[in-house]
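So this one's structure-v4.cif, mmCIF, C-alpha atoms:
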data_target
loop_
_atom_site.label_atom_id
_atom_site.label_comp_id
_atom_site.auth_asym_id
_atom_site.auth_seq_id
_atom_site.Cartn_x
_atom_site.Cartn_y
_atom_site.Cartn_z
CA MET A 187 0.00 0.00 0.00
CA ASP A 188 1.57 3.30 -0.98
CA LEU A 189 1.40 6.51 1.01
CA MET A 190 -1.46 8.04 -1.00
CA ASP A 191 -3.60 4.96 -0.40
CA LEU A 192 -2.83 5.22 3.31
CA LEU A 193 -3.63 8.92 3.36
CA LYS A 194 -6.96 8.22 1.70
CA VAL A 195 -7.73 5.61 4.37
CA GLY A 196 -6.90 8.22 7.01
CA ALA A 197 -8.96 10.85 5.18
CA SER A 198 -12.01 8.61 5.07
CA LEU A 199 -11.62 7.83 8.79
CA ILE A 200 -11.39 11.53 9.56
CA GLN A 201 -14.28 12.43 7.28
CA GLY A 202 -16.43 9.69 8.80
CA ASN A 203 -15.65 10.30 12.46
CA SER A 204 -18.20 11.58 14.96
CA ASP A 205 -17.15 15.25 14.66
CA ASP A 206 -19.47 17.27 12.43
CA ALA A 207 -16.59 19.67 11.65
CA THR A 208 -14.80 16.99 9.62
CA THR A 209 -17.83 15.55 7.78
CA GLY A 210 -17.92 18.06 4.93
CA LEU A 211 -14.19 18.21 4.31
CA ASP A 212 -12.78 17.25 0.92
CA MET A 213 -11.03 13.86 0.94
CA ASP A 214 -8.09 15.15 -1.12
CA ASP A 215 -7.63 18.13 1.21
CA ILE A 216 -7.55 15.82 4.23
CA ALA A 217 -5.14 13.43 2.48
CA ASN A 218 -2.80 16.31 1.55
CA ALA A 219 -2.84 17.73 5.08
CA LEU A 220 -2.18 14.26 6.51
CA GLY A 221 0.68 13.79 4.05
CA LYS A 222 2.34 16.99 5.27
CA LEU A 223 1.87 15.84 8.85
CA ILE A 224 3.09 12.22 8.69
CA GLY A 225 4.77 11.84 5.28
CA ASN A 226 8.43 12.06 4.37
CA GLU A 227 10.26 13.41 1.33
CA GLU A 228 10.55 9.93 -0.21
CA GLY A 229 6.79 9.56 -0.49
CA GLY A 230 6.48 7.22 2.48
CA LEU A 231 5.16 7.35 6.00
CA ASP A 232 7.58 9.11 8.34
CA LEU A 233 7.63 6.37 10.96
CA GLY A 234 10.92 7.75 12.23
CA ALA A 235 9.22 10.96 13.33
CA LEU A 236 6.46 9.01 15.06
CA VAL A 237 8.91 6.65 16.75
CA GLY A 238 11.14 9.59 17.66
CA GLY A 239 8.33 11.19 19.65
CA LEU A 240 7.91 8.05 21.71
CA SER A 241 10.97 8.09 23.90
CA GLN A 242 10.23 11.56 25.25
CA ASN A 243 6.54 10.98 25.81
CA GLY A 244 6.17 7.47 27.19
CA LEU A 245 3.94 6.50 24.27
CA GLY A 246 6.01 3.54 23.08
CA GLU A 247 3.50 0.94 24.20
CA ILE A 248 0.62 2.69 22.43
CA VAL A 249 2.38 3.26 19.12
CA GLY A 250 4.04 -0.16 19.38
CA SER A 251 0.57 -1.71 19.35
CA TRP A 252 -0.12 -0.04 15.99
CA LEU A 253 2.88 -1.68 14.33
CA GLY A 254 2.23 -5.00 12.70
CA ASN A 255 -0.65 -7.22 13.70
CA GLY A 256 -2.84 -7.28 16.80
CA GLU A 257 -5.21 -4.83 18.38
CA ASN A 258 -4.41 -1.11 18.20
CA ALA A 259 -4.31 0.77 21.50
CA SER A 260 -6.20 4.05 21.43
CA ILE A 261 -4.49 7.39 21.90
CA SER A 262 -6.02 10.38 23.66
CA MET A 263 -6.20 13.87 22.21
CA ASP A 264 -3.57 15.05 24.73
CA GLN A 265 -1.27 12.16 23.80
CA ILE A 266 -1.65 12.92 20.08
CA SER A 267 -0.39 16.44 20.85
CA ASP A 268 2.57 14.99 22.75
CA LEU A 269 3.35 12.61 19.89
CA LEU A 270 3.10 15.02 16.96
CA GLY A 271 3.69 18.39 18.61
CA SER A 272 1.10 21.13 19.00
CA ASP A 273 2.61 23.27 16.22
CA LYS A 274 2.14 20.45 13.68
CA ILE A 275 -1.42 19.86 14.87
CA SER A 276 -2.13 23.58 14.65
CA GLU A 277 -0.83 23.63 11.06
CA PHE A 278 -2.94 20.55 10.20
CA ALA A 279 -6.02 22.20 11.72
CA SER A 280 -5.51 25.48 9.85
CA GLN A 281 -4.99 23.69 6.51
CA LEU A 282 -8.42 22.12 6.94
CA GLY A 283 -10.19 25.01 8.65
CA LEU A 284 -10.71 22.95 11.83
CA SER A 285 -10.39 23.84 15.48
CA GLU A 286 -7.36 22.26 17.14
CA GLU A 287 -9.75 20.13 19.22
CA SER A 288 -11.37 18.73 16.06
CA ALA A 289 -7.95 18.14 14.51
CA LYS A 290 -6.69 16.26 17.58
CA GLY A 291 -9.86 14.17 17.72
CA ALA A 292 -9.61 13.33 14.03
CA LEU A 293 -5.95 12.37 14.30
CA SER A 294 -6.44 10.26 17.42
CA ASP A 295 -9.17 8.36 15.52
CA ALA A 296 -7.24 7.91 12.27
CA LEU A 297 -3.54 7.61 13.10
CA PRO A 298 -3.60 4.19 14.83
CA GLN A 299 -5.31 2.60 11.82
CA VAL A 300 -3.12 4.38 9.26
CA VAL A 301 0.11 3.26 10.98
CA ASP A 302 -1.30 -0.25 11.46
CA GLN A 303 -2.15 -0.56 7.77
CA ALA A 304 1.24 0.85 6.77
CA THR A 305 3.09 -1.73 8.78
CA SER A 306 1.05 -4.91 8.42
CA GLY A 307 1.41 -7.61 5.80
CA GLU A 308 4.22 -8.63 3.50
CA GLY A 309 5.91 -5.84 1.59
CA GLY A 310 4.51 -3.20 3.93
CA MET A 311 6.32 0.00 4.74
CA LEU A 312 7.73 -1.63 7.87
CA ASP A 313 9.57 -4.18 5.69
CA GLU A 314 10.90 -1.33 3.60
CA MET A 315 11.93 0.66 6.68
CA LEU A 316 13.64 -2.39 8.21
CA ALA A 317 15.56 -2.93 4.97
CA ASN A 318 16.83 0.66 5.20
CA VAL A 319 18.28 0.15 8.70
CA GLY A 320 19.77 -3.32 8.19
CA GLY A 321 16.80 -5.54 9.01
CA PRO A 322 15.29 -6.31 12.42
CA LYS A 323 18.71 -6.44 14.12
CA GLY A 324 19.61 -3.00 12.77
CA ALA A 325 16.27 -1.63 13.95
CA MET A 326 16.81 -3.07 17.43
CA ASP A 327 20.31 -1.57 17.54
CA MET A 328 18.89 1.81 16.51
CA LEU A 329 16.12 1.60 19.13
CA GLY A 330 18.69 0.55 21.75
CA LYS A 331 20.66 3.72 21.02
CA MET A 332 17.50 5.88 21.18
CA PHE A 333 16.32 4.45 24.48
CA GLY A 334 19.67 3.47 25.96
#
Could the structure of this file be written out as structure tokens, please?
Amino acid sequence: MDLMDLLKVGASLIQGNSDDATTGLDMDDIANALGKLIGNEEGGLDLGALVGGLSQNGLGEIVGSWLGNGENASISMDQISDLLGSDKISEFASQLGLSEESAKGALSDALPQVVDQATSGEGGMLDEMLANVGGPKGAMDMLGKMFG
């Protein structure tokens, strides 16, 4: 699944959530704003930025549950701010004409599923990311340095 497909999944989750503010938003606008928030220059999901926010915020268990298979832990609106940073959420909200509260709610609904879909199955972005850091051992070495 490429990044645009993932962003469209996220956009539909945001558009279909319980907040009336997001219901009328254009799918492409949501996908573009999401791409700026969680994408990287190579056209992939910036898992490094998400994982990087974990060590400082104690959110490793939550985001870890999104990777691969298994049930996704939920994330609160305050935790989504800690993970992504309030300036990025503010920018996301202003791109879509949302309040920051609506933006945080939308992201806390959509992000677990987007990351889960990006990292599950054969040939997922996780496989690609692991290949870039020398496989699972390289990833563990990198995480050891981050958390060590």
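Minimum atom-to-atom distances from A:Glu228, A:Met263, A:Glu257, A:Asp268 to Glu287 (chain A) were compared using only C-alpha atoms, and the lowest value belongs to A:Met263.
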Q. So, counting all atoms listed in the file, which residue among A:Gly256, A:Val249, A:Leu223, A:Ile200 is closest to Ser272 (chain A)?
A. A:Leu223
Can you list, as a PDB file with C-alpha atoms, in the frame of the given file, the residues that the PyMOL selection byres ((chain A and resi 282) around 12) selects here?
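Output (part31.pdb):
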ATOM      1  CA  ALA A 197      -8.960  10.850   5.180  1.00  0.00           C
ATOM      2  CA  ILE A 200     -11.390  11.530   9.560  1.00  0.00           C
ATOM      3  CA  GLN A 201     -14.280  12.430   7.280  1.00  0.00           C
ATOM      4  CA  ALA A 207     -16.590  19.670  11.650  1.00  0.00           C
ATOM      5  CA  THR A 208     -14.800  16.990   9.620  1.00  0.00           C
ATOM      6  CA  THR A 209     -17.830  15.550   7.780  1.00  0.00           C
ATOM      7  CA  GLY A 210     -17.920  18.060   4.930  1.00  0.00           C
ATOM      8  CA  LEU A 211     -14.190  18.210   4.310  1.00  0.00           C
ATOM      9  CA  ASP A 212     -12.780  17.250   0.920  1.00  0.00           C
ATOM     10  CA  MET A 213     -11.030  13.860   0.940  1.00  0.00           C
ATOM     11  CA  ASP A 214      -8.090  15.150  -1.120  1.00  0.00           C
ATOM     12  CA  ASP A 215      -7.630  18.130   1.210  1.00  0.00           C
ATOM     13  CA  ILE A 216      -7.550  15.820   4.230  1.00  0.00           C
ATOM     14  CA  ALA A 217      -5.140  13.430   2.480  1.00  0.00           C
ATOM     15  CA  ASN A 218      -2.800  16.310   1.550  1.00  0.00           C
ATOM     16  CA  ALA A 219      -2.840  17.730   5.080  1.00  0.00           C
ATOM     17  CA  LEU A 220      -2.180  14.260   6.510  1.00  0.00           C
ATOM     18  CA  ILE A 275      -1.420  19.860  14.870  1.00  0.00           C
ATOM     19  CA  SER A 276      -2.130  23.580  14.650  1.00  0.00           C
ATOM     20  CA  GLU A 277      -0.830  23.630  11.060  1.00  0.00           C
ATOM     21  CA  PHE A 278      -2.940  20.550  10.200  1.00  0.00           C
ATOM     22  CA  ALA A 279      -6.020  22.200  11.720  1.00  0.00           C
ATOM     23  CA  SER A 280      -5.510  25.480   9.850  1.00  0.00           C
ATOM     24  CA  GLN A 281      -4.990  23.690   6.510  1.00  0.00           C
ATOM     25  CA  GLY A 283     -10.190  25.010   8.650  1.00  0.00           C
ATOM     26  CA  LEU A 284     -10.710  22.950  11.830  1.00  0.00           C
ATOM     27  CA  SER A 285     -10.390  23.840  15.480  1.00  0.00           C
ATOM     28  CA  GLU A 286      -7.360  22.260  17.140  1.00  0.00           C
ATOM     29  CA  SER A 288     -11.370  18.730  16.060  1.00  0.00           C
ATOM     30  CA  ALA A 289      -7.950  18.140  14.510  1.00  0.00           C
ATOM     31  CA  ALA A 292      -9.610  13.330  14.030  1.00  0.00           C
TER      32      ALA A 292
END
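If you look at CA of Leu199 (chain A) and CA of Gly244 (chain A), they are 25.6 Å away from each other.
The spacing separating CA of Leu236 (chain A) from CA of Gly202 (chain A) amounts to 23.7 Å.
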The PyMOL selection byres ((chain A and resi 253) around 10) - which residues does that actually catch in the file I just gave you? List them as an mmCIF file with C-alpha atoms, keeping the file's coordinate frame.
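The result, written out as selection.cif:
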data_model
loop_
_atom_site.group_PDB
_atom_site.id
_atom_site.type_symbol
_atom_site.label_atom_id
_atom_site.label_comp_id
_atom_site.auth_asym_id
_atom_site.auth_seq_id
_atom_site.Cartn_x
_atom_site.Cartn_y
_atom_site.Cartn_z
ATOM 1 C CA LEU A 233 7.630 6.370 10.960
ATOM 2 C CA ILE A 248 0.620 2.690 22.430
ATOM 3 C CA VAL A 249 2.380 3.260 19.120
ATOM 4 C CA GLY A 250 4.040 -0.160 19.380
ATOM 5 C CA SER A 251 0.570 -1.710 19.350
ATOM 6 C CA TRP A 252 -0.120 -0.040 15.990
ATOM 7 C CA GLY A 254 2.230 -5.000 12.700
ATOM 8 C CA ASN A 255 -0.650 -7.220 13.700
ATOM 9 C CA GLY A 256 -2.840 -7.280 16.800
ATOM 10 C CA GLU A 257 -5.210 -4.830 18.380
ATOM 11 C CA ASN A 258 -4.410 -1.110 18.200
ATOM 12 C CA PRO A 298 -3.600 4.190 14.830
ATOM 13 C CA GLN A 299 -5.310 2.600 11.820
ATOM 14 C CA VAL A 300 -3.120 4.380 9.260
ATOM 15 C CA VAL A 301 0.110 3.260 10.980
ATOM 16 C CA ASP A 302 -1.300 -0.250 11.460
ATOM 17 C CA GLN A 303 -2.150 -0.560 7.770
ATOM 18 C CA ALA A 304 1.240 0.850 6.770
ATOM 19 C CA THR A 305 3.090 -1.730 8.780
ATOM 20 C CA SER A 306 1.050 -4.910 8.420
ATOM 21 C CA LEU A 312 7.730 -1.630 7.870
#
Q: Have a look at CA of Glu227 (chain A) and CA of Leu189 (chain A) and let me know their distance in Å, one decimal.
A: 11.2 Å
Padding 6 Å on every side, please: axis-aligned box over the listed atoms of region 195-214 of chain A, centre and edge lengths to one decimal in Å, as JSON.
{"center_x": -13.2, "center_y": 12.6, "center_z": 6.9, "size_x": 24.6, "size_y": 26.1, "size_z": 28.1}
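Minimum atom-to-atom distance to Asp232 (chain A), evaluated using all atoms listed in the file, belongs to A:Leu270 out of A:Ser204, A:Gly246, A:Asp295, A:Leu270.
You can rank A:Glu247, A:Gly271, A:Gly221, A:Gly234 by their closest distance to Asp188 (chain A) using all atoms listed in the file, and at the top of that list sits A:Gly221.
With all atoms listed in the file as the basis for measurement, A:Leu297 is the residue among A:Leu297, A:Asp191, A:Gly229, A:Asn243 that approaches Ile261 (chain A) most closely.
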